[in-house]
>>> print(open('input-v8.cif').read())   # mmCIF, C-alpha atoms and all ligand atoms
data_work
loop_
_atom_site.label_atom_id
_atom_site.label_comp_id
_atom_site.auth_asym_id
_atom_site.auth_seq_id
_atom_site.Cartn_x
_atom_site.Cartn_y
_atom_site.Cartn_z
CA MET N 2 -0.91 22.71 22.88
CA CYS N 3 -4.17 22.65 24.84
CA SER N 4 -7.45 22.16 23.05
CA GLY N 5 -8.75 25.65 23.79
CA LEU N 6 -11.60 24.34 25.91
CA PRO N 7 -12.87 26.74 28.60
CA LYS N 8 -11.24 26.48 32.04
CA THR N 9 -14.56 25.70 33.74
CA ALA N 10 -15.47 22.55 35.64
CA LEU N 11 -17.24 21.33 32.52
CA GLY N 12 -14.20 22.16 30.40
CA LEU N 13 -11.97 20.21 32.74
CA ARG N 14 -14.35 17.28 32.66
CA ILE N 15 -14.43 17.26 28.86
CA ARG N 16 -10.66 17.50 28.76
CA ALA N 17 -10.36 14.58 31.18
CA THR N 18 -12.73 12.51 29.02
CA LEU N 19 -10.76 13.34 25.92
CA SER N 20 -7.48 12.27 27.47
CA GLU N 21 -9.11 9.08 28.79
CA LYS N 22 -10.19 8.39 25.24
CA ARG N 23 -6.71 8.93 23.94
CA MET N 24 -5.33 6.51 26.51
CA LYS N 25 -7.54 3.64 25.37
CA PRO N 26 -5.58 1.29 23.13
CA ASN N 27 -6.82 0.76 19.60
CA LEU N 28 -7.18 -3.00 19.19
CA LYS N 29 -7.23 -2.78 15.42
CA GLY N 30 -3.68 -2.89 14.14
CA LEU N 31 -2.33 -4.97 17.03
CA LEU N 32 -0.58 -8.22 16.15
CA LYS N 33 -2.09 -11.43 17.49
CA GLU N 34 0.62 -11.85 20.12
CA GLU N 35 -0.02 -8.30 21.33
CA LEU N 36 -3.73 -9.07 21.66
CA VAL N 37 -2.99 -12.29 23.53
CA ASP N 38 -1.00 -10.18 26.04
CA PHE N 39 -3.81 -7.66 26.23
CA PHE N 40 -6.37 -10.36 27.06
CA ARG N 41 -4.01 -12.10 29.47
CA GLU N 42 -3.85 -8.88 31.47
CA MET N 43 -7.64 -9.00 31.64
CA ASP N 44 -7.47 -12.63 32.82
CA GLU N 45 -8.99 -13.81 29.57
CA PRO N 46 -7.83 -16.87 27.60
CA ALA N 47 -5.55 -16.50 24.59
CA TYR N 48 -8.24 -17.66 22.13
CA ARG N 49 -10.07 -14.36 22.68
CA ALA N 50 -7.40 -12.80 20.44
CA HIS N 51 -8.47 -15.02 17.54
CA GLN N 52 -12.16 -14.35 18.19
CA LEU N 53 -11.64 -10.60 18.28
CA MET N 54 -9.52 -10.60 15.12
CA GLN N 55 -12.23 -12.50 13.27
CA TRP N 56 -14.65 -9.72 14.10
CA LEU N 57 -12.21 -6.91 13.32
CA TYR N 58 -10.98 -8.18 9.97
CA ASN N 59 -13.52 -10.59 8.56
CA LYS N 60 -16.97 -9.46 9.58
CA LYS N 61 -19.09 -6.44 8.98
CA VAL N 62 -19.33 -5.13 12.53
CA SER N 63 -17.89 -1.96 14.00
CA SER N 64 -18.56 -2.10 17.76
CA PHE N 65 -17.72 -4.47 20.62
CA GLU N 66 -21.46 -4.67 21.31
CA GLU N 67 -21.99 -6.61 18.06
CA MET N 68 -19.30 -9.24 18.80
CA THR N 69 -21.85 -11.78 19.94
CA ASN N 70 -19.61 -14.77 20.66
CA LEU N 71 -17.83 -12.79 23.38
CA PRO N 72 -19.50 -12.82 26.83
CA LYS N 73 -21.54 -9.71 27.49
CA THR N 74 -19.43 -8.73 30.49
CA LEU N 75 -16.28 -8.92 28.38
CA ARG N 76 -17.86 -6.80 25.66
CA GLU N 77 -18.67 -4.16 28.25
CA LYS N 78 -15.17 -4.33 29.68
CA LEU N 79 -13.70 -3.93 26.22
CA ALA N 80 -15.89 -0.93 25.46
CA GLU N 81 -14.68 0.69 28.68
CA ASN N 82 -11.00 -0.06 28.23
CA ALA N 83 -10.29 -0.10 24.51
CA THR N 84 -11.33 1.33 21.17
CA VAL N 85 -11.50 0.14 17.60
CA THR N 86 -10.98 2.81 14.97
CA SER N 87 -12.48 2.66 11.49
CA LEU N 88 -11.91 4.58 8.29
CA SER N 89 -14.96 6.25 6.85
CA ILE N 90 -15.85 6.33 3.19
CA GLN N 91 -15.96 9.91 1.98
CA GLU N 92 -16.65 9.22 -1.67
CA ILE N 93 -16.63 6.38 -4.21
CA GLN N 94 -15.98 6.97 -7.90
CA ARG N 95 -16.70 4.18 -10.35
CA SER N 96 -14.76 3.81 -13.57
CA GLU N 97 -16.38 2.59 -16.80
CA ASP N 98 -13.98 -0.37 -16.66
CA GLY N 99 -15.21 -1.55 -13.22
CA ALA N 100 -12.40 -0.07 -11.08
CA CYS N 101 -13.60 1.93 -8.06
CA LYS N 102 -11.68 4.69 -6.31
CA TYR N 103 -12.42 5.05 -2.61
CA LEU N 104 -11.69 8.34 -0.92
CA LEU N 105 -11.23 7.42 2.75
CA ARG N 106 -11.10 9.62 5.82
CA LEU N 107 -8.69 8.83 8.65
CA SER N 108 -9.60 9.62 12.26
CA ASP N 109 -7.76 12.96 12.23
CA GLY N 110 -9.56 14.04 9.06
CA GLU N 111 -6.71 13.32 6.60
CA LEU N 112 -7.81 11.77 3.31
CA ILE N 113 -6.27 8.88 1.40
CA GLU N 114 -7.28 6.81 -1.61
CA SER N 115 -7.58 3.09 -2.33
CA VAL N 116 -8.48 1.62 -5.72
CA TYR N 117 -10.51 -1.58 -6.17
CA ILE N 118 -9.62 -3.37 -9.40
CA PRO N 119 -11.70 -6.48 -10.17
CA ASP N 120 -11.03 -8.64 -13.23
CA GLU N 121 -12.01 -12.11 -14.43
CA ARG N 122 -9.39 -13.80 -12.28
CA ARG N 123 -8.99 -11.76 -9.14
CA ARG N 124 -10.11 -8.90 -6.96
CA THR N 125 -7.25 -6.55 -6.28
CA LEU N 126 -7.05 -3.58 -3.95
CA CYS N 127 -4.36 -0.96 -4.46
CA ILE N 128 -3.72 0.59 -1.04
CA SER N 129 -1.91 3.66 0.30
CA SER N 130 0.84 3.56 2.91
CA GLN N 131 1.36 7.26 3.72
CA VAL N 132 -0.59 10.51 3.59
CA GLY N 133 1.26 12.14 0.69
CA CYS N 134 4.78 11.14 -0.28
CA ALA N 135 8.25 12.55 0.34
CA PHE N 136 10.03 11.36 -2.80
CA LYS N 137 8.94 13.87 -5.44
CA CYS N 138 9.09 11.64 -8.52
CA ARG N 139 8.56 14.16 -11.30
CA PHE N 140 5.86 12.22 -13.12
CA CYS N 141 3.74 11.27 -10.10
CA ALA N 142 0.71 13.19 -8.80
CA THR N 143 1.19 12.01 -5.20
CA GLY N 144 4.81 13.24 -5.33
CA LYS N 145 3.48 16.76 -5.91
CA MET N 146 1.45 16.71 -2.68
CA GLY N 147 4.48 16.43 -0.44
CA PHE N 148 4.57 14.35 2.73
CA THR N 149 1.97 14.85 5.48
CA ARG N 150 2.31 11.85 7.81
CA GLN N 151 2.82 8.14 8.19
CA MET N 152 -0.21 5.86 8.27
CA ASP N 153 -0.31 3.46 11.22
CA ALA N 154 -0.80 -0.29 10.81
CA SER N 155 -4.52 -0.11 11.57
CA GLU N 156 -5.05 2.55 8.91
CA ILE N 157 -3.13 0.54 6.34
CA VAL N 158 -5.11 -2.71 6.89
CA ASP N 159 -8.39 -0.91 7.43
CA GLN N 160 -8.45 0.04 3.75
CA ILE N 161 -8.98 -3.65 3.00
CA VAL N 162 -11.57 -4.12 5.76
CA THR N 163 -13.51 -1.02 4.67
CA VAL N 164 -13.65 -1.96 1.00
CA ASN N 165 -14.49 -5.62 1.80
CA ARG N 166 -17.44 -4.36 3.84
CA ASP N 167 -18.61 -2.25 0.95
CA LEU N 168 -18.50 -5.15 -1.55
CA SER N 169 -21.35 -7.59 -2.03
CA ALA N 170 -21.37 -10.77 0.07
CA ASP N 171 -19.79 -12.95 -2.65
CA GLU N 172 -16.90 -10.57 -3.35
CA ARG N 173 -13.74 -10.44 -1.25
CA ILE N 174 -10.36 -8.89 -1.90
CA GLY N 175 -7.76 -11.57 -2.55
CA ASN N 176 -4.88 -9.54 -3.93
CA ILE N 177 -3.12 -6.50 -2.49
CA VAL N 178 -0.80 -4.11 -4.27
CA ILE N 179 0.81 -1.49 -2.05
CA MET N 180 1.14 0.98 -4.89
CA GLY N 181 -1.24 3.73 -3.83
CA MET N 182 -0.23 6.99 -2.19
CA GLY N 183 3.12 7.02 -0.43
CA GLU N 184 6.35 5.04 -0.29
CA PRO N 185 5.69 1.84 1.69
CA LEU N 186 9.32 1.20 2.65
CA HIS N 187 9.57 4.75 4.06
CA ASN N 188 6.97 3.60 6.63
CA TYR N 189 8.71 0.29 7.25
CA LYS N 190 7.64 -0.64 10.77
CA ASN N 191 3.94 0.11 10.34
CA LEU N 192 3.88 -1.45 6.89
CA LEU N 193 5.40 -4.71 8.07
CA LYS N 194 2.93 -4.89 10.92
CA ALA N 195 0.09 -4.34 8.46
CA VAL N 196 1.45 -7.05 6.15
CA ARG N 197 1.63 -9.48 9.08
CA LEU N 198 -2.05 -8.78 9.80
CA MET N 199 -2.89 -9.36 6.13
CA VAL N 200 -1.28 -12.81 6.09
CA ASP N 201 -2.40 -13.89 9.59
CA GLU N 202 -4.96 -16.69 9.56
CA SER N 203 -6.92 -14.88 12.26
CA GLY N 204 -6.53 -11.65 10.28
CA LEU N 205 -7.25 -11.05 6.60
CA GLN N 206 -5.98 -14.47 5.44
CA ILE N 207 -4.35 -13.20 2.27
CA GLY N 208 -1.40 -15.31 1.12
CA GLY N 209 1.97 -13.55 1.04
CA ARG N 210 2.31 -14.33 -2.66
CA LYS N 211 -0.81 -12.23 -3.23
CA ILE N 212 0.74 -9.13 -1.67
CA THR N 213 3.05 -6.83 -3.64
CA ILE N 214 5.05 -3.98 -2.16
CA SER N 215 6.15 -1.42 -4.73
CA THR N 216 9.12 0.77 -3.83
CA VAL N 217 10.88 3.78 -5.26
CA GLY N 218 14.09 1.85 -4.50
CA LEU N 219 15.15 2.35 -0.86
CA VAL N 220 18.20 0.10 -0.74
CA PRO N 221 18.65 -0.38 3.05
CA GLN N 222 14.97 -1.26 3.47
CA ILE N 223 15.01 -3.71 0.53
CA ASP N 224 17.98 -5.43 2.18
CA ARG N 225 16.14 -5.55 5.48
CA LEU N 226 12.97 -6.90 3.84
CA ALA N 227 14.99 -9.73 2.32
CA ASP N 228 15.70 -10.97 5.86
CA GLU N 229 12.14 -10.80 7.23
CA GLY N 230 11.18 -14.31 6.12
CA LEU N 231 7.94 -13.02 4.58
CA ASN N 232 6.95 -14.68 1.36
CA ILE N 233 5.70 -11.49 -0.28
CA ARG N 234 6.32 -9.98 -3.69
CA LEU N 235 8.48 -6.94 -4.31
CA ALA N 236 8.30 -4.50 -7.21
CA ILE N 237 10.96 -1.86 -7.80
CA SER N 238 10.14 1.29 -9.77
CA LEU N 239 13.12 1.55 -12.10
CA ASN N 240 11.66 3.83 -14.77
CA ALA N 241 14.99 4.68 -16.44
CA SER N 242 18.09 2.81 -17.44
CA THR N 243 20.74 5.51 -16.95
CA ASN N 244 21.57 7.34 -13.72
CA ARG N 245 21.35 10.66 -15.50
CA LEU N 246 17.76 10.15 -16.58
CA ARG N 247 16.68 8.30 -13.42
CA SER N 248 17.99 11.08 -11.19
CA ARG N 249 16.07 13.58 -13.28
CA LEU N 250 12.81 11.61 -12.97
CA MET N 251 13.33 10.23 -9.46
CA PRO N 252 15.50 12.36 -7.13
CA ILE N 253 16.06 9.37 -4.78
CA ASN N 254 18.42 8.00 -7.44
CA GLU N 255 21.05 10.49 -6.25
CA LYS N 256 21.16 8.58 -2.98
CA TYR N 257 20.68 5.04 -4.28
CA PRO N 258 21.87 4.92 -7.88
CA ILE N 259 20.98 2.16 -10.32
CA GLU N 260 24.02 -0.12 -9.67
CA MET N 261 23.33 -0.13 -5.92
CA LEU N 262 19.66 -0.83 -6.53
CA ILE N 263 20.29 -3.73 -8.91
CA LYS N 264 22.76 -5.22 -6.42
CA SER N 265 20.20 -5.01 -3.66
CA ALA N 266 17.52 -6.51 -5.95
CA ARG N 267 19.82 -9.43 -6.78
CA ASN N 268 20.47 -9.95 -3.06
CA PHE N 269 16.69 -10.00 -2.46
CA TYR N 270 16.26 -12.67 -5.10
CA LYS N 271 19.13 -14.76 -3.74
CA LYS N 272 17.87 -14.60 -0.16
CA THR N 273 14.16 -15.11 -0.78
CA GLY N 274 14.11 -17.08 -4.03
CA ASN N 275 11.27 -14.75 -5.11
CA ARG N 276 11.44 -13.14 -8.51
CA LEU N 277 10.90 -9.45 -8.16
CA THR N 278 9.41 -7.12 -10.74
CA PHE N 279 11.06 -4.06 -12.23
CA GLU N 280 8.40 -1.50 -13.07
CA TYR N 281 9.09 0.86 -15.94
CA VAL N 282 6.69 3.72 -16.65
CA LEU N 283 6.83 4.46 -20.38
CA ILE N 284 6.98 8.24 -20.83
CA GLY N 285 6.70 9.79 -24.31
CA ASP N 286 10.05 10.92 -25.80
CA THR N 287 11.71 10.54 -22.41
CA ASN N 288 12.56 6.89 -21.75
CA ASP N 289 10.87 5.04 -24.64
CA SER N 290 13.52 4.75 -27.39
CA ILE N 291 14.96 1.48 -28.69
CA GLN N 292 18.25 2.43 -27.03
CA ASP N 293 16.39 2.76 -23.71
CA ALA N 294 14.85 -0.67 -24.30
CA ASN N 295 18.24 -2.26 -24.95
CA GLN N 296 19.80 -0.65 -21.87
CA LEU N 297 16.86 -1.83 -19.79
CA ILE N 298 17.37 -5.38 -21.04
CA ASP N 299 21.08 -5.24 -20.13
CA LEU N 300 20.30 -3.97 -16.63
CA THR N 301 17.67 -6.56 -15.81
CA SER N 302 19.02 -9.75 -17.37
CA SER N 303 21.62 -10.81 -14.81
CA PHE N 304 19.25 -12.72 -12.50
CA PRO N 305 15.66 -14.03 -12.81
CA CYS N 306 13.12 -11.21 -12.54
CA LYS N 307 10.14 -9.73 -14.38
CA VAL N 308 9.75 -6.44 -16.20
CA ASN N 309 6.40 -4.68 -16.09
CA LEU N 310 5.90 -1.78 -18.49
CA ILE N 311 3.35 0.77 -17.29
CA PRO N 312 1.91 3.25 -19.79
CA TYR N 313 2.28 6.76 -18.39
CA ASN N 314 -0.99 8.17 -17.04
CA PRO N 315 -1.15 11.92 -17.40
CA ARG N 316 -3.13 14.40 -15.34
CA LYS N 317 -4.32 17.78 -16.49
CA GLU N 318 -1.24 19.69 -15.44
CA SER N 319 1.32 16.97 -16.31
CA LEU N 320 4.74 17.92 -17.65
CA TYR N 321 5.01 14.62 -19.50
CA ARG N 322 2.87 12.69 -21.95
CA PRO N 323 2.30 9.03 -22.73
CA SER N 324 4.21 7.23 -25.48
CA SER N 325 2.23 6.80 -28.69
CA ALA N 326 0.69 3.36 -29.24
CA ALA N 327 3.27 2.61 -31.96
CA VAL N 328 6.26 3.54 -29.75
CA LYS N 329 4.83 1.65 -26.78
CA ASN N 330 4.42 -1.49 -28.90
CA ARG N 331 7.86 -1.15 -30.43
CA PHE N 332 9.43 -0.92 -26.97
CA TYR N 333 7.40 -3.90 -25.74
CA GLN N 334 8.24 -6.00 -28.82
CA GLN N 335 11.94 -5.27 -28.41
CA LEU N 336 11.86 -6.52 -24.81
CA GLN N 337 9.75 -9.53 -25.76
CA ALA N 338 12.27 -10.45 -28.45
CA ARG N 339 15.47 -9.96 -26.45
CA HIS N 340 14.71 -10.24 -22.74
CA PRO N 341 15.46 -13.62 -21.14
CA TYR N 342 12.66 -13.27 -18.56
CA ALA N 343 8.95 -12.38 -18.50
CA VAL N 344 7.92 -8.96 -19.79
CA THR N 345 4.39 -7.59 -19.41
CA LEU N 346 2.63 -4.44 -20.54
CA ARG N 347 0.21 -3.28 -17.87
CA ARG N 348 -3.32 -2.51 -18.93
CA SER N 349 -4.11 0.62 -16.95
CA ARG N 350 -7.44 0.75 -15.17
CA GLY N 351 -9.49 3.61 -13.78
CA GLY N 352 -7.91 6.34 -15.94
CA ASP N 353 -11.30 8.09 -16.39
CA ILE N 354 -11.58 8.66 -12.62
CA SER N 355 -7.89 9.50 -11.99
CA ALA N 356 -7.44 6.18 -10.21
CA ALA N 357 -4.61 4.82 -12.36
CA CYS N 358 -0.95 4.56 -11.28
CA GLY N 359 0.52 7.89 -10.36
CA GLN N 360 -2.81 9.70 -10.49
CA LEU N 361 -3.68 9.47 -6.81
CA GLY N 362 -3.47 12.81 -5.09
CA ILE N 363 -6.00 14.67 -3.03
CA ARG N 364 -6.54 18.17 -4.26
CA PRO N 365 -9.58 20.42 -4.29
CA ASN N 366 -10.02 20.06 -8.05
CA GLY N 367 -7.76 17.08 -8.57
N1 LIG N 401 6.18 4.73 -3.98
C1 LIG N 401 5.97 3.45 -4.58
C2 LIG N 401 4.52 3.09 -4.83
C3 LIG N 401 3.63 4.14 -5.43
S1 LIG N 401 3.79 4.45 -7.15
C4 LIG N 401 6.79 3.35 -5.86
O1 LIG N 401 7.38 4.33 -6.27
O2 LIG N 401 6.87 2.26 -6.41
C5 LIG N 401 3.31 2.96 -7.94
C6 LIG N 401 3.82 2.83 -9.37
O3 LIG N 401 3.21 3.81 -10.20
C7 LIG N 401 5.32 3.05 -9.49
O4 LIG N 401 5.91 2.08 -10.30
C8 LIG N 401 5.43 4.41 -10.16
O5 LIG N 401 6.62 4.52 -10.88
C9 LIG N 401 4.19 4.41 -11.03
N2 LIG N 401 3.73 5.71 -11.44
C10 LIG N 401 3.84 6.88 -10.79
N3 LIG N 401 3.28 7.88 -11.50
C11 LIG N 401 2.80 7.34 -12.63
C12 LIG N 401 2.09 7.85 -13.74
N4 LIG N 401 1.76 9.13 -13.83
N5 LIG N 401 1.74 7.00 -14.73
C13 LIG N 401 2.02 5.67 -14.62
N6 LIG N 401 2.68 5.14 -13.59
C14 LIG N 401 3.07 5.96 -12.60
#
>>> encode(input="input-v8.cif", output="structure tokens", more="lines below")
Ligand code: SAH
Amino acid sequence: MCSGLPKTALGLRIRATLSEKRMKPNLKGLLKEELVDFFREMDEPAYRAHQLMQWLYNKKVSSFEEMTNLPKTLREKLAENATVTSLSIQEIQRSEDGACKYLLRLSDGELIESVYIPDERRRTLCISSQVGCAFKCRFCATGKMGFTRQMDASEIVDQIVTVNRDLSADERIGNIVIMGMGEPLHNYKNLLKAVRLMVDESGLQIGGRKITISTVGLVPQIDRLADEGLNIRLAISLNASTNRLRSRLMPINEKYPIEMLIKSARNFYKKTGNRLTFEYVLIGDTNDSIQDANQLIDLTSSFPCKVNLIPYNPRKESLYRPSSAAVKNRFYQQLQARHPYAVTLRRSRGGDISAACGQLGIRPNG
């Protein structure tokens, strides 16, 4: 529909300017080969693509004007013919444990969250891939929001650029977990483009092994990912070891039940040689018995993988509660004793600012 601007000469002029603006390509989010084409059309050499990407992804500038190793005439031409979008920081909440939750505003006003998690060894950013989420996992705060829209590749990578710019000069994000709001494999095309920009040496220069995609378990997309030739890590949210319970907790299990998922996971391992991680959120009196532990071991022992136990993080209105410390340890010990592969118990960060797994969700009082 029209913007509601008055039908005067001025209104028409404003409308024309707006549509011109919309026509300008956003250079952030374009792959290097796309930028090379863009510059070729402007009769510029291919190395301009590398120069521009350095500015977009690795330096603290936000306008063409500031890109000082580009000729002035080119900078002016770029400003006329293209745009570069940026996320804006709406709010930052700092946890007592050092994690920081960034509330970020997209260009249409939608809000998403990213969580910065530094520790002794690495600086990790947990990023979002969609505004909201369509999968309605019963225990997850984002699932309750419902799905609003896909994020484009520039919005996905810009979370990293924005937080890097906010950090001090000696800090830089070296590890990415795509475990924030949304289901990354439900936004496959944009996500893959964003990942390619993360690993590109002209882009964010983050090694594929330092990038983890966490999925609710979309079998066709996992199979497709196995053929992409990207050396990234995959985590699958299993969360239950029977179809009955998994379907109750994660409705997507009706479509892709456990046997199908494990088969697809095995195929991923065979094709890529990368060990994937099965994530298992420990929920009090729901999936944390010794029988659950034994079934989980049986399910995940047939090919090399890892199991990551995640203590359940409640929110005010949660239906579920965390396992007690004793039950959590008993479950962990049982896996440690019997599982042939690595088992870890995740130390949750940012719980005091609702930045932990499954707590991301934008609500007025959330
Ligand atoms: N959609 C993706 C990524 C987002 S959720 C996925 O499902 O994997 C990231 C991880 O947080 C998943 O393993 C999910 O099972 C877990 N999670 C969701 N809600 C949680 C909660 N309340 N407490 C702990 N972990 C939770």
>>> closest_residue(input="input-v8.cif", among="N:Ile128, N:Leu231, N:Leu198, N:Ile212", to="Phe269 in chain N", atoms="all atoms listed in the file")
N:Leu231
>>> closest_residue(input="input-v8.cif", among="N:Leu336, N:Leu235, N:Val162, N:Met43", to="Leu75 in chain N", atoms="only C-alpha atoms")
N:Met43
>>> closest_residue(input="input-v8.cif", among="N:Gly359, N:Gly181, N:Gly218, N:Gly351", to="Leu126 in chain N", atoms="only C-alpha atoms")
N:Gly181
>>> closest_residue(input="input-v8.cif", among="N:Leu107, N:Leu346, N:Leu262, N:Ala236", to="ligand LIG 401 (chain N)", atoms="only C-alpha atoms and all ligand atoms")
N:Ala236
>>> atom_distance(input="input-v8.cif", atom1="CA of Pro252 in chain N", atom2="CA of Phe136 in chain N")
7.0 Å
>>> atom_distance(input="input-v8.cif", atom1="CA of Ser302 in chain N", atom2="CA of Ala343 in chain N")
10.5 Å
>>> closest_atom_pairs(input="input-v8.cif", of="chain N", to="ligand LIG 401 (chain N)", cutoff="9 Å", atoms="all atoms listed in the file", output="Markdown table")
| residue | atom | partner | partner_atom | distance |
| --- | --- | --- | --- | --- |
| N:Ser129 | CA | N:LIG401 | C3 | 8.0 |
| N:Ser130 | CA | N:LIG401 | C2 | 8.6 |
| N:Cys134 | CA | N:LIG401 | N1 | 7.5 |
| N:Phe136 | CA | N:LIG401 | N1 | 7.8 |
| N:Cys138 | CA | N:LIG401 | C10 | 7.4 |
| N:Arg139 | CA | N:LIG401 | N3 | 8.2 |
| N:Phe140 | CA | N:LIG401 | N4 | 5.2 |
| N:Cys141 | CA | N:LIG401 | N3 | 3.7 |
| N:Ala142 | CA | N:LIG401 | N3 | 6.5 |
| N:Thr143 | CA | N:LIG401 | N3 | 7.8 |
| N:Gly144 | CA | N:LIG401 | N3 | 8.3 |
| N:Val178 | CA | N:LIG401 | C5 | 9.0 |
| N:Ile179 | CA | N:LIG401 | C2 | 6.5 |
| N:Met180 | CA | N:LIG401 | C2 | 4.0 |
| N:Gly181 | CA | N:LIG401 | C3 | 5.1 |
| N:Met182 | CA | N:LIG401 | C3 | 5.8 |
| N:Gly183 | CA | N:LIG401 | N1 | 5.2 |
| N:Glu184 | CA | N:LIG401 | N1 | 3.7 |
| N:Pro185 | CA | N:LIG401 | N1 | 6.4 |
| N:Leu186 | CA | N:LIG401 | N1 | 8.1 |
| N:His187 | CA | N:LIG401 | N1 | 8.7 |
| N:Ile214 | CA | N:LIG401 | C2 | 7.6 |
| N:Ser215 | CA | N:LIG401 | O2 | 4.1 |
| N:Thr216 | CA | N:LIG401 | O2 | 3.7 |
| N:Val217 | CA | N:LIG401 | O1 | 3.7 |
| N:Gly218 | CA | N:LIG401 | O1 | 7.4 |
| N:Ala236 | CA | N:LIG401 | O2 | 7.0 |
| N:Ile237 | CA | N:LIG401 | O2 | 6.0 |
| N:Ser238 | CA | N:LIG401 | O4 | 4.3 |
| N:Leu239 | CA | N:LIG401 | O5 | 7.2 |
| N:Asn240 | CA | N:LIG401 | O5 | 6.4 |
| N:Met251 | CA | N:LIG401 | O5 | 8.9 |
| N:Phe279 | CA | N:LIG401 | O4 | 8.2 |
| N:Glu280 | CA | N:LIG401 | O4 | 5.2 |
| N:Tyr281 | CA | N:LIG401 | O4 | 6.6 |
| N:Val282 | CA | N:LIG401 | N6 | 5.2 |
| N:Leu283 | CA | N:LIG401 | C13 | 7.6 |
| N:Ile284 | CA | N:LIG401 | N5 | 8.1 |
| N:Asn309 | CA | N:LIG401 | O4 | 8.9 |
| N:Ile311 | CA | N:LIG401 | C13 | 5.7 |
| N:Pro312 | CA | N:LIG401 | C13 | 5.7 |
| N:Tyr313 | CA | N:LIG401 | N5 | 3.7 |
| N:Asn314 | CA | N:LIG401 | N5 | 3.8 |
| N:Pro315 | CA | N:LIG401 | N4 | 5.4 |
| N:Arg316 | CA | N:LIG401 | N4 | 7.3 |
| N:Ser319 | CA | N:LIG401 | N4 | 8.2 |
| N:Tyr321 | CA | N:LIG401 | N4 | 8.5 |
| N:Arg322 | CA | N:LIG401 | N4 | 8.9 |
| N:Pro323 | CA | N:LIG401 | N5 | 8.3 |
| N:Ser349 | CA | N:LIG401 | C13 | 8.3 |
| N:Ala357 | CA | N:LIG401 | C13 | 7.1 |
| N:Cys358 | CA | N:LIG401 | N6 | 4.3 |
| N:Gly359 | CA | N:LIG401 | N3 | 3.0 |
| N:Gln360 | CA | N:LIG401 | N4 | 5.7 |
| N:Leu361 | CA | N:LIG401 | N3 | 8.5 |
>>> atom_distance(input="input-v8.cif", atom1="CA of Ile253 in chain N", atom2="CA of Asn232 in chain N")
26.4 Å
>>> closest_residue(input="input-v8.cif", among="N:Pro26, N:Asn275, N:Leu297, N:Ile118", to="Thr243 in chain N", atoms="only C-alpha atoms")
N:Leu297
>>> residues_around(input="input-v8.cif", residues="Leu105 in chain N", least_positions_apart="5", cutoff="12 Å", atoms="all atoms listed in the file", output="PyMOL selection string")
chain N and resi 87-94+110-116+128-129+132+156-157+159-164+363
>>> closest_residue(input="input-v8.cif", among="N:Leu32, N:Met261, N:Ala266, N:Arg123", to="Met199 in chain N", atoms="all atoms listed in the file")
N:Leu32
